[in-house]
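J.: This is final.txt, which holds compact mmCIF, C-alpha atoms:
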```txt
# COMPACT_ATOMS: atom_id res chain seq x y z
CA MET A 1 0.00 0.00 0.00
CA TYR A 2 2.79 2.38 0.96
CA ASN A 3 4.71 1.58 -2.22
CA LYS A 4 1.62 2.46 -4.22
CA ILE A 5 1.29 5.77 -2.44
CA ILE A 6 5.01 6.50 -2.88
CA PHE A 7 4.69 5.57 -6.53
CA LEU A 8 1.86 8.06 -6.95
CA ALA A 9 3.84 10.81 -5.27
CA GLU A 10 6.90 10.87 -7.44
CA SER A 11 8.42 13.98 -5.91
CA VAL A 12 8.43 12.51 -2.39
CA PRO A 13 11.91 12.57 -0.82
CA LYS A 14 13.65 9.37 0.12
CA GLY A 15 13.00 7.98 3.59
CA ARG A 16 15.53 7.96 6.44
CA VAL A 17 16.03 6.27 9.81
CA PHE A 18 17.10 9.24 11.88
CA ALA A 19 17.87 12.87 11.31
CA ILE A 20 17.67 16.16 13.17
CA ASP A 21 16.45 18.82 10.79
CA THR A 22 13.44 21.01 10.05
CA GLN A 23 11.35 18.05 8.88
CA THR A 24 12.09 16.19 12.11
CA LEU A 25 11.00 19.26 14.09
CA ILE A 26 7.83 19.44 12.00
CA SER A 27 7.26 15.71 12.59
CA ILE A 28 7.76 16.25 16.33
CA GLY A 29 5.19 19.07 16.20
CA ILE A 30 2.71 16.91 14.30
CA GLN A 31 3.24 13.97 16.66
CA LEU A 32 2.81 16.27 19.65
CA LEU A 33 -0.43 17.54 18.15
CA ASN A 34 -1.51 13.96 17.44
CA GLY A 35 -0.72 13.07 21.04
CA ILE A 36 -2.75 15.99 22.37
CA ILE A 37 -5.69 15.14 20.10
CA LEU A 38 -5.54 11.49 21.15
CA ALA A 39 -5.22 12.39 24.83
CA VAL A 40 -8.22 14.73 24.65
CA ALA A 41 -10.26 12.20 22.66
CA LEU A 42 -9.44 9.26 24.91
CA GLY A 43 -9.87 11.41 28.00
CA PHE A 44 -13.32 12.65 27.04
CA ILE A 45 -14.60 9.52 25.33
CA LEU A 46 -13.17 6.82 27.56
CA TYR A 47 -11.08 7.78 30.57
CA LYS A 48 -13.31 10.29 32.34
CA PRO A 49 -16.68 8.55 31.74
CA LEU A 50 -15.25 5.20 32.81
CA LYS A 51 -13.56 6.77 35.81
CA ASN A 52 -16.80 8.55 36.76
CA PHE A 53 -18.74 5.32 36.40
CA MET A 54 -16.28 3.46 38.63
CA GLN A 55 -16.17 6.35 41.10
CA LYS A 56 -19.96 6.53 41.34
CA ARG A 57 -20.16 2.78 41.78
CA THR A 58 -17.52 2.90 44.51
CA GLU A 59 -19.44 5.70 46.23
CA ARG A 60 -22.71 3.76 45.86
CA ILE A 61 -21.17 0.60 47.27
CA GLN A 62 -19.53 2.60 50.05
CA SER A 63 -22.88 4.21 50.79
CA GLN A 64 -24.52 0.77 50.89
CA ILE A 65 -21.76 -0.50 53.18
CA ASP A 66 -22.25 2.54 55.44
CA ASP A 67 -26.03 2.00 55.45
CA THR A 68 -25.54 -1.66 56.26
CA ASP A 69 -23.10 -0.77 59.04
CA ALA A 70 -25.57 1.77 60.44
CA LYS A 71 -28.40 -0.78 60.28
CA MET A 72 -26.17 -3.39 61.84
CA ALA A 73 -25.31 -0.99 64.67
CA GLU A 74 -29.01 -0.20 65.10
CA ALA A 75 -29.86 -3.91 65.11
CA LYS A 76 -27.13 -4.56 67.68
CA GLU A 77 -28.51 -1.75 69.83
CA LEU A 78 -32.02 -3.19 69.54
CA MET A 79 -30.66 -6.63 70.33
CA ALA A 80 -28.90 -5.25 73.41
CA GLU A 81 -32.11 -3.49 74.46
CA TYR A 82 -34.12 -6.68 73.98
CA ASN A 83 -31.54 -8.62 75.93
CA ARG A 84 -31.74 -6.04 78.70
CA LYS A 85 -35.53 -6.33 78.67
CA ILE A 86 -35.30 -10.12 78.74
CA ASP A 87 -32.88 -9.86 81.66
CA ASP A 88 -35.26 -7.45 83.43
CA ILE A 89 -38.18 -9.78 82.79
CA SER A 90 -36.14 -12.70 84.03
CA LYS A 91 -35.21 -10.79 87.17
CA GLU A 92 -38.83 -9.73 87.65
CA ARG A 93 -39.95 -13.32 87.17
CA ILE A 94 -37.45 -14.49 89.77
CA GLU A 95 -38.61 -11.73 92.14
CA ILE A 96 -42.28 -12.63 91.57
CA LEU A 97 -41.53 -16.29 92.11
CA GLU A 98 -39.51 -15.52 95.22
CA ASP A 99 -42.26 -13.28 96.52
CA ALA A 100 -44.88 -15.90 95.78
CA ARG A 101 -42.74 -18.54 97.41
CA LEU A 102 -42.31 -16.38 100.53
CA LYS A 103 -46.03 -15.62 100.62
CA ALA A 104 -46.86 -19.31 100.17
CA ASP A 105 -44.38 -20.19 102.89
CA ASN A 106 -45.97 -17.68 105.24
CA GLU A 107 -49.42 -18.93 104.34
CA ARG A 108 -48.28 -22.48 104.90
CA LYS A 109 -46.88 -21.55 108.32
CA ILE A 110 -50.08 -19.71 109.26
CA ILE A 111 -52.26 -22.61 108.06
CA LEU A 112 -50.06 -25.11 109.88
CA GLU A 113 -50.17 -22.99 113.04
CA GLU A 114 -53.95 -22.70 112.82
CA ALA A 115 -54.27 -26.41 112.13
CA ARG A 116 -51.96 -27.17 115.04
CA GLN A 117 -53.98 -24.90 117.32
CA GLU A 118 -57.24 -26.41 116.13
CA ALA A 119 -55.82 -29.90 116.59
CA ASP A 120 -54.68 -28.97 120.10
CA GLU A 121 -58.11 -27.57 120.82
CA ILE A 122 -59.78 -30.74 119.51
CA LYS A 123 -57.33 -32.85 121.46
CA LYS A 124 -57.99 -30.83 124.59
CA ARG A 125 -61.70 -31.05 124.09
CA SER A 126 -61.48 -34.80 123.45
CA LEU A 127 -59.37 -35.27 126.55
CA GLU A 128 -61.84 -33.36 128.65
CA SER A 129 -64.66 -35.39 127.16
CA VAL A 130 -62.80 -38.63 127.84
CA LEU A 131 -62.12 -37.54 131.41
CA ALA A 132 -65.76 -36.58 131.87
CA ASP A 133 -66.86 -39.92 130.41
CA GLU A 134 -64.37 -41.74 132.63
CA LYS A 135 -65.68 -39.96 135.69
CA HIS A 136 -69.22 -40.62 134.68
CA LEU A 137 -68.48 -44.29 134.07
CA LEU A 138 -66.69 -44.60 137.38
CA GLU A 139 -69.69 -43.06 139.10
CA GLU A 140 -72.04 -45.38 137.25
CA THR A 141 -69.85 -48.40 138.09
CA ARG A 142 -69.71 -47.36 141.71
CA LEU A 143 -73.47 -46.98 141.86
CA THR A 144 -73.94 -50.33 140.10
CA ILE A 145 -71.53 -52.01 142.51
CA ILE A 146 -73.37 -50.38 145.39
CA GLU A 147 -76.70 -51.54 144.03
CA LEU A 148 -75.40 -55.04 143.47
CA ALA A 149 -73.79 -55.13 146.90
CA SER A 150 -77.00 -53.87 148.39
CA LEU A 151 -79.04 -56.47 146.62
CA MET A 152 -76.62 -59.20 147.65
CA ALA A 153 -76.53 -57.98 151.20
CA GLU A 154 -80.31 -57.67 151.26
CA LYS A 155 -80.73 -61.19 150.07
CA TYR A 156 -78.17 -62.53 152.54
CA ILE A 157 -79.62 -60.59 155.39
CA ALA A 158 -83.11 -61.70 154.43
CA GLN A 159 -82.01 -65.27 154.72
CA THR A 160 -79.98 -64.92 157.94
CA ILE A 161 -81.35 -62.07 160.19
CA ASP A 162 -84.81 -60.84 161.32
CA GLN A 163 -86.57 -57.63 160.45
CA GLU A 164 -85.35 -55.73 163.46
CA THR A 165 -81.71 -56.55 162.94
CA GLN A 166 -82.17 -55.82 159.34
CA ASN A 167 -83.43 -52.30 159.91
CA LYS A 168 -80.60 -51.69 162.37
CA ILE A 169 -77.89 -52.76 159.92
CA PHE A 170 -79.58 -50.83 157.09
CA ASN A 171 -79.59 -47.69 159.13
CA GLU A 172 -75.95 -48.18 160.13
CA THR A 173 -74.87 -48.82 156.54
CA LEU A 174 -76.84 -45.84 155.31
CA ALA A 175 -75.16 -43.73 157.92
CA GLN A 176 -71.74 -45.00 156.77
CA MET A 177 -72.52 -44.36 153.09
CA GLU A 178 -73.63 -40.86 153.82
CA GLY A 179 -70.41 -40.35 155.76
CA ALA A 180 -68.32 -41.65 152.80
CA LYS A 181 -70.18 -39.52 150.23
CA TRP A 182 -69.62 -36.50 152.35
CA GLN A 183 -65.86 -37.24 152.35
CA ASP A 184 -65.76 -37.40 148.48
CA MET B 185 9.52 -4.04 5.88
CA ASN B 186 12.50 -1.68 5.48
CA LEU B 187 14.65 0.31 7.86
CA GLU B 188 13.90 3.79 6.52
CA ILE B 189 10.89 5.79 7.55
CA ASP B 190 9.26 6.37 4.18
CA ASN B 191 7.72 9.67 3.23
CA LEU B 192 4.21 9.15 1.87
CA TRP B 193 3.15 12.67 0.91
CA VAL B 194 4.64 16.10 0.77
CA ILE B 195 2.27 18.92 1.65
CA ASN B 196 3.09 22.53 1.04
CA ILE B 197 1.50 24.94 3.49
CA ALA B 198 2.38 28.64 3.10
CA GLY B 199 5.63 27.76 1.42
CA VAL B 200 6.63 25.31 4.13
CA GLU B 201 7.17 21.74 2.94
CA ILE B 202 5.69 19.16 5.31
CA TRP B 203 6.55 15.50 4.89
CA ILE B 204 3.82 13.12 5.87
CA THR B 205 5.91 10.17 6.95
CA GLU B 206 5.04 6.53 7.44
CA THR B 207 5.21 7.25 11.19
CA ILE B 208 2.61 10.00 11.02
CA TYR B 209 0.37 7.89 8.79
CA ASN B 210 0.65 4.90 11.12
CA THR B 211 0.02 7.17 14.10
CA TRP B 212 -3.23 8.31 12.49
CA ILE B 213 -4.24 4.69 11.93
CA ILE B 214 -3.49 3.85 15.57
CA MET B 215 -5.35 6.99 16.70
CA LEU B 216 -8.34 6.00 14.59
CA ILE B 217 -8.33 2.45 15.97
CA LEU B 218 -7.99 3.69 19.56
CA ILE B 219 -10.71 6.31 19.15
CA VAL B 220 -13.07 3.79 17.55
CA LEU B 221 -12.35 1.33 20.38
CA ALA B 222 -12.91 4.12 22.92
CA VAL B 223 -16.24 4.98 21.28
CA ILE B 224 -17.29 1.31 21.33
CA ILE B 225 -16.35 1.03 25.00
CA ARG B 226 -18.14 4.33 25.68
CA PHE B 227 -21.33 2.92 24.13
CA LYS B 228 -20.93 -0.33 26.05
CA LEU B 229 -20.45 1.69 29.25
CA LYS B 230 -24.20 2.37 29.25
CA ASN B 231 -24.80 -1.36 29.77
CA PHE B 232 -22.10 -1.80 32.40
CA LYS B 233 -23.37 -3.53 35.54
CA ILE B 234 -22.52 -2.99 39.19
CA VAL B 235 -20.82 -6.38 39.32
CA PRO B 236 -18.39 -6.49 36.37
CA LYS B 237 -18.07 -9.59 34.19
CA GLY B 238 -16.23 -10.51 31.00
CA PHE B 239 -15.49 -7.49 28.78
CA GLN B 240 -16.48 -4.97 31.47
CA SER B 241 -14.22 -6.71 33.95
CA LEU B 242 -11.31 -6.55 31.47
CA ILE B 243 -11.77 -2.83 30.80
CA GLU B 244 -12.28 -1.91 34.45
CA GLY B 245 -9.34 -4.09 35.51
CA ALA B 246 -7.04 -2.38 33.01
CA MET B 247 -8.24 1.08 34.05
CA GLU B 248 -7.94 0.33 37.75
CA THR B 249 -4.48 -1.19 37.32
CA PHE B 250 -3.28 1.90 35.44
CA ASP B 251 -4.85 4.27 37.98
CA ASN B 252 -3.27 2.43 40.90
CA PHE B 253 0.07 2.42 39.09
CA ALA B 254 -0.12 6.18 38.43
CA ASP B 255 -1.37 6.97 41.95
CA ASN B 256 1.34 4.86 43.58
CA THR B 257 4.06 6.50 41.48
CA LEU B 258 2.80 10.09 41.58
CA GLY B 259 0.99 10.25 44.91
CA GLU B 260 -1.82 12.67 45.72
CA GLY B 261 -2.62 15.85 43.75
CA PHE B 262 -1.69 14.78 40.22
CA SER B 263 -5.04 13.45 38.98
CA ASP B 264 -5.18 16.07 36.19
CA ILE B 265 -2.18 14.66 34.35
CA VAL B 266 -3.16 10.99 34.63
CA PRO B 267 -5.32 11.04 31.42
CA TRP B 268 -2.26 12.23 29.43
CA PHE B 269 -0.16 9.35 30.67
CA PHE B 270 -3.08 6.99 30.11
CA MET B 271 -2.93 8.07 26.45
CA VAL B 272 0.88 7.72 26.39
CA PHE B 273 0.65 4.22 27.85
CA VAL B 274 -2.10 3.10 25.47
CA PHE B 275 -0.44 4.72 22.47
CA ILE B 276 3.05 3.27 23.02
CA LEU B 277 1.65 -0.17 23.78
CA SER B 278 -0.59 -0.02 20.70
CA SER B 279 2.39 1.08 18.58
CA CYS B 280 4.39 -1.91 19.74
CA LEU B 281 1.51 -4.27 19.08
CA PHE B 282 0.99 -2.55 15.71
CA SER B 283 4.36 -3.79 14.49
CA VAL B 284 3.23 -7.37 15.16
CA PHE B 285 1.33 -7.02 11.88
CA GLY B 286 4.53 -6.14 10.03
CA LEU B 287 3.87 -2.41 10.04
CA ARG B 288 6.37 0.10 11.33
CA ALA B 289 5.73 1.18 14.92
CA PRO B 290 5.46 4.97 15.29
CA THR B 291 7.66 4.66 18.38
CA ALA B 292 10.50 3.43 16.13
CA ASP B 293 10.78 7.05 14.98
CA TRP B 294 12.58 9.54 17.22
CA ALA B 295 10.10 12.28 16.28
CA THR B 296 7.34 10.34 18.05
CA THR B 297 9.32 9.41 21.14
CA PHE B 298 10.74 12.93 21.47
CA ALA B 299 7.28 14.45 21.10
CA LEU B 300 6.03 12.28 23.95
CA ALA B 301 9.15 12.93 26.05
CA LEU B 302 8.91 16.66 25.37
CA ALA B 303 5.31 16.69 26.55
CA SER B 304 6.37 14.85 29.73
CA PHE B 305 9.18 17.39 30.18
CA VAL B 306 6.78 20.33 29.82
CA ILE B 307 4.39 18.70 32.30
CA MET B 308 7.34 18.11 34.65
CA ILE B 309 8.33 21.78 34.61
CA PHE B 310 4.71 22.90 34.96
CA MET B 311 4.13 20.60 37.94
CA GLY B 312 7.43 21.67 39.46
CA PHE B 313 6.36 25.31 39.40
CA LYS B 314 2.80 24.47 40.43
CA HIS B 315 3.78 22.47 43.51
CA GLN B 316 7.07 24.10 44.54
CA LYS B 317 6.56 27.55 43.03
CA GLY B 318 9.82 29.55 43.35
CA LYS B 319 11.60 26.72 45.14
CA TYR B 320 11.59 24.71 41.91
CA LEU B 321 13.79 27.32 40.22
CA LYS B 322 16.04 27.27 43.28
CA THR B 323 16.70 23.55 42.75
CA PHE B 324 18.65 24.48 39.59
CA PHE B 325 21.15 26.34 41.80
CA GLU B 326 21.69 23.61 44.36
CA PRO B 327 23.89 22.79 46.14
CA ASN B 328 25.68 25.89 44.82
CA PHE B 329 24.89 28.39 42.05
CA ILE B 330 27.95 27.21 40.09
CA PHE B 331 26.12 23.94 39.55
CA PHE B 332 23.44 25.70 37.51
CA PRO B 333 24.87 24.67 34.10
CA LEU B 334 25.14 21.04 35.23
CA ASN B 335 21.63 21.07 36.69
CA LEU B 336 20.25 22.67 33.54
CA ILE B 337 21.95 20.13 31.29
CA GLY B 338 20.73 17.37 33.62
CA GLU B 339 17.15 18.60 33.28
CA LEU B 340 17.38 19.09 29.51
CA ALA B 341 18.89 15.64 29.14
CA LYS B 342 15.79 14.05 30.65
CA PRO B 343 13.53 14.26 27.56
CA VAL B 344 16.47 13.38 25.32
CA SER B 345 17.38 10.25 27.31
CA LEU B 346 13.72 9.32 27.69
CA SER B 347 13.08 9.63 23.97
CA PHE B 348 16.27 7.89 22.84
CA ARG B 349 15.69 4.99 25.24
CA LEU B 350 12.31 4.18 23.74
CA PHE B 351 13.39 4.99 20.20
CA GLY B 352 16.54 2.85 20.44
CA ASN B 353 14.70 -0.13 21.89
CA MET B 354 11.93 0.02 19.33
CA LEU B 355 14.30 0.62 16.46
CA SER B 356 16.53 -2.29 17.55
CA GLY B 357 13.53 -4.64 17.33
CA THR B 358 12.63 -3.21 13.93
CA ILE B 359 16.23 -3.57 12.67
CA ILE B 360 16.55 -7.15 13.92
CA LEU B 361 13.24 -8.16 12.37
CA THR B 362 14.04 -6.33 9.10
CA LEU B 363 17.40 -8.06 8.91
CA TYR B 364 15.77 -11.38 9.68
CA TYR B 365 13.20 -10.94 6.91
CA ALA B 366 15.88 -9.69 4.49
CA LEU B 367 18.59 -12.24 5.16
CA THR B 368 16.75 -15.49 5.79
CA PRO B 369 15.27 -17.79 3.17
CA LEU B 370 11.51 -17.81 2.75
CA PHE B 371 10.87 -21.15 4.45
CA VAL B 372 12.36 -19.87 7.74
CA GLN B 373 10.07 -16.88 7.61
CA ILE B 374 7.07 -18.97 8.63
CA GLY B 375 6.52 -19.55 12.36
CA ILE B 376 9.86 -18.31 13.73
CA PRO B 377 9.08 -14.58 13.14
CA ALA B 378 6.04 -15.02 15.38
CA LEU B 379 8.38 -15.75 18.30
CA LEU B 380 10.57 -12.77 17.39
CA HIS B 381 7.58 -10.49 17.09
CA THR B 382 6.27 -11.78 20.43
CA PHE B 383 9.59 -10.97 22.07
CA PHE B 384 10.47 -7.66 20.40
CA ASP B 385 7.03 -6.23 19.90
CA VAL B 386 4.85 -7.65 22.65
CA ILE B 387 7.18 -8.38 25.60
CA PHE B 388 9.80 -5.74 24.85
CA GLY B 389 7.12 -3.28 23.82
CA ALA B 390 5.14 -3.72 27.03
CA LEU B 391 8.32 -3.41 29.06
CA GLN B 392 9.43 -0.25 27.24
CA THR B 393 5.94 1.22 27.60
CA TYR B 394 6.07 0.64 31.34
CA ILE B 395 9.61 2.06 31.58
CA PHE B 396 8.77 5.19 29.57
CA VAL B 397 5.67 5.96 31.62
CA ILE B 398 7.14 5.20 35.03
CA ILE B 399 10.27 7.27 34.36
CA SER B 400 8.14 10.17 33.13
CA LEU B 401 5.98 9.93 36.25
CA MET B 402 9.03 9.79 38.49
CA TYR B 403 10.52 12.87 36.81
CA ILE B 404 7.26 14.71 37.47
CA ARG B 405 7.09 13.58 41.07
CA GLY B 406 10.73 14.51 41.57
CA ALA B 407 10.09 17.99 40.19
CA ALA B 408 6.97 18.49 42.29
CA GLU B 409 8.46 17.38 45.61
```
The structure given in the file should be rewritten as structure tokens.
T.:
Amino acid sequence: MYNKIIFLAESVPKGRVFAIDTQTLISIGIQLLNGIILAVALGFILYKPLKNFMQKRTERIQSQIDDTDAKMAEAKELMAEYNRKIDDISKERIEILEDARLKADNERKIILEEARQEADEIKKRSLESVLADEKHLLEETRLTIIELASLMAEKYIAQTIDQETQNKIFNETLAQMEGAKWQD
Amino acid sequence: MNLEIDNLWVINIAGVEIWITETIYNTWIIMLILIVLAVIIRFKLKNFKIVPKGFQSLIEGAMETFDNFADNTLGEGFSDIVPWFFMVFVFILSSCLFSVFGLRAPTADWATTFALALASFVIMIFMGFKHQKGKYLKTFFEPNFIFFPLNLIGELAKPVSLSFRLFGNMLSGTIILTLYYALTPLFVQIGIPALLHTFFDVIFGALQTYIFVIISLMYIRGAAE
């Protein structure tokens, strides 16, 4: 392709590898201009938009990370608050239970004391009743024995002594019994 | 492929003869390719997703790698000049890859490399005055004012050395490949040149691109600090 172009431009000077002359200075100027044009073009078309895109994405991701961190901190705070509340509830529960236990203990002691007192009262009343019954029975037994002894003595006396002796002994016995009763 | 930089046209503007060389022509081709690629990427940018994949990942990776490289070398406060060096990097690398197709790389012409080095030199001086103000001028007289000529020559030598380094390396690859194509029989010119092109154009080219850009950035940082 180049040969064709060179062929078409017959007056074109021969090429060279290196030289420092006016044409080299012109070439430097053109290449500098080319460089500036390319730098501006690449900068505006590619570098800056791509850099902005990456920058915005970094900022967006950073913002999301910050939001997440803030939410995480908030969640941790809430968690701590809930834990505190749970601890408070637990303490309250223990206090309520302890209170209830103490109340129940007191109630139990009161009920036991009342029951003991009632039992003592019943026992006392029963004892008194038993003693009264015992006394009553003893009195009844004594009277029965007296009656039986009287009947036996009456029958014996009826068989062995007359009416006069009988009256005399009866009177003496009655006198003795009255004397014994008085002593009791 | 020949060693000389051919002249394709001669334009006469206001009595001044301007040679349109093979280098300038190839530069325009590379510029056109790069601008078309940039436009394609720009259009694809509209469909770029938050999570990059495939092509987007490649483009973003390249951009991020270059940005990190520039930021690490220059430091803070030089973001305005990064697009220029992005262009320099892309252009030199494209030029090297361009010669893989048997075409002459624009960087194998001293006019191109000096133009790029001169631009870096101008940026260096501008950044030196911008960041150090009057102190930058004082550095030319350090440690003593008698060192001014040496310091001045040292500064002026920077674009020259920068341009000749890239030019020499690129030209050496071109010369070796030209000699190879000229001196070897046809049957050896199949397959083996691919390895030579890979070494001189791709590997050497990428290395020289990196060296040119990093040295330019270091000159600028040195002037600004």
J.: Counting all atoms listed in the file, which residues of chain A come no farther than 10 Å from chain B, as a PyMOL selection string?
T.: chain A and resi 2-20+22-51+53-54+57-58+60-61
J.: Rounded to one decimal place, report the CA of Ser279 in chain B-CA of Phe371 in chain B distance in Å.
T.: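 Distance reported for this atom pair: 27.7 Å.
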J.: Neighbouring residues of Leu401 in chain B were defined as those with any atom within 12 Å, considering all atoms listed in the file; residues of the same chain fewer than 6 positions away were excluded. Please report them as an NGL selection string.
T.: :B and (253-259 or 262-263 or 265-266 or 268-270 or 272-273 or 301 or 303-305 or 307-308 or 311 or 346 or 394-395 or 407-408)
J.: Counting all atoms listed in the file, what is within 9 Å of Phe384 in chain B, bar same-chain residues fewer than 3 positions away, as an NGL selection string?
T.: :B and (280 or 284 or 353-354 or 356-358 or 360-361 or 379-381 or 387-389)
J.: Any chance you could export the current selection's C-alpha atoms as a PDB file, keeping the file's coordinate frame?
T.:
```
ATOM      1  CA  CYS B 280       4.390  -1.910  19.740  1.00  0.00           C
ATOM      2  CA  VAL B 284       3.230  -7.370  15.160  1.00  0.00           C
ATOM      3  CA  ASN B 353      14.700  -0.130  21.890  1.00  0.00           C
ATOM      4  CA  MET B 354      11.930   0.020  19.330  1.00  0.00           C
ATOM      5  CA  SER B 356      16.530  -2.290  17.550  1.00  0.00           C
ATOM      6  CA  GLY B 357      13.530  -4.640  17.330  1.00  0.00           C
ATOM      7  CA  THR B 358      12.630  -3.210  13.930  1.00  0.00           C
ATOM      8  CA  ILE B 360      16.550  -7.150  13.920  1.00  0.00           C
ATOM      9  CA  LEU B 361      13.240  -8.160  12.370  1.00  0.00           C
ATOM     10  CA  LEU B 379       8.380 -15.750  18.300  1.00  0.00           C
ATOM     11  CA  LEU B 380      10.570 -12.770  17.390  1.00  0.00           C
ATOM     12  CA  HIS B 381       7.580 -10.490  17.090  1.00  0.00           C
ATOM     13  CA  ILE B 387       7.180  -8.380  25.600  1.00  0.00           C
ATOM     14  CA  PHE B 388       9.800  -5.740  24.850  1.00  0.00           C
ATOM     15  CA  GLY B 389       7.120  -3.280  23.820  1.00  0.00           C
TER      16      GLY B 389
END
```
J.: Using Å and a single decimal, report how far CA of Thr393 in chain B sits from CA of Gly338 in chain B.
T.: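 Value for the CA of Gly338 in chain B-CA of Thr393 in chain B distance: 22.7 Å.
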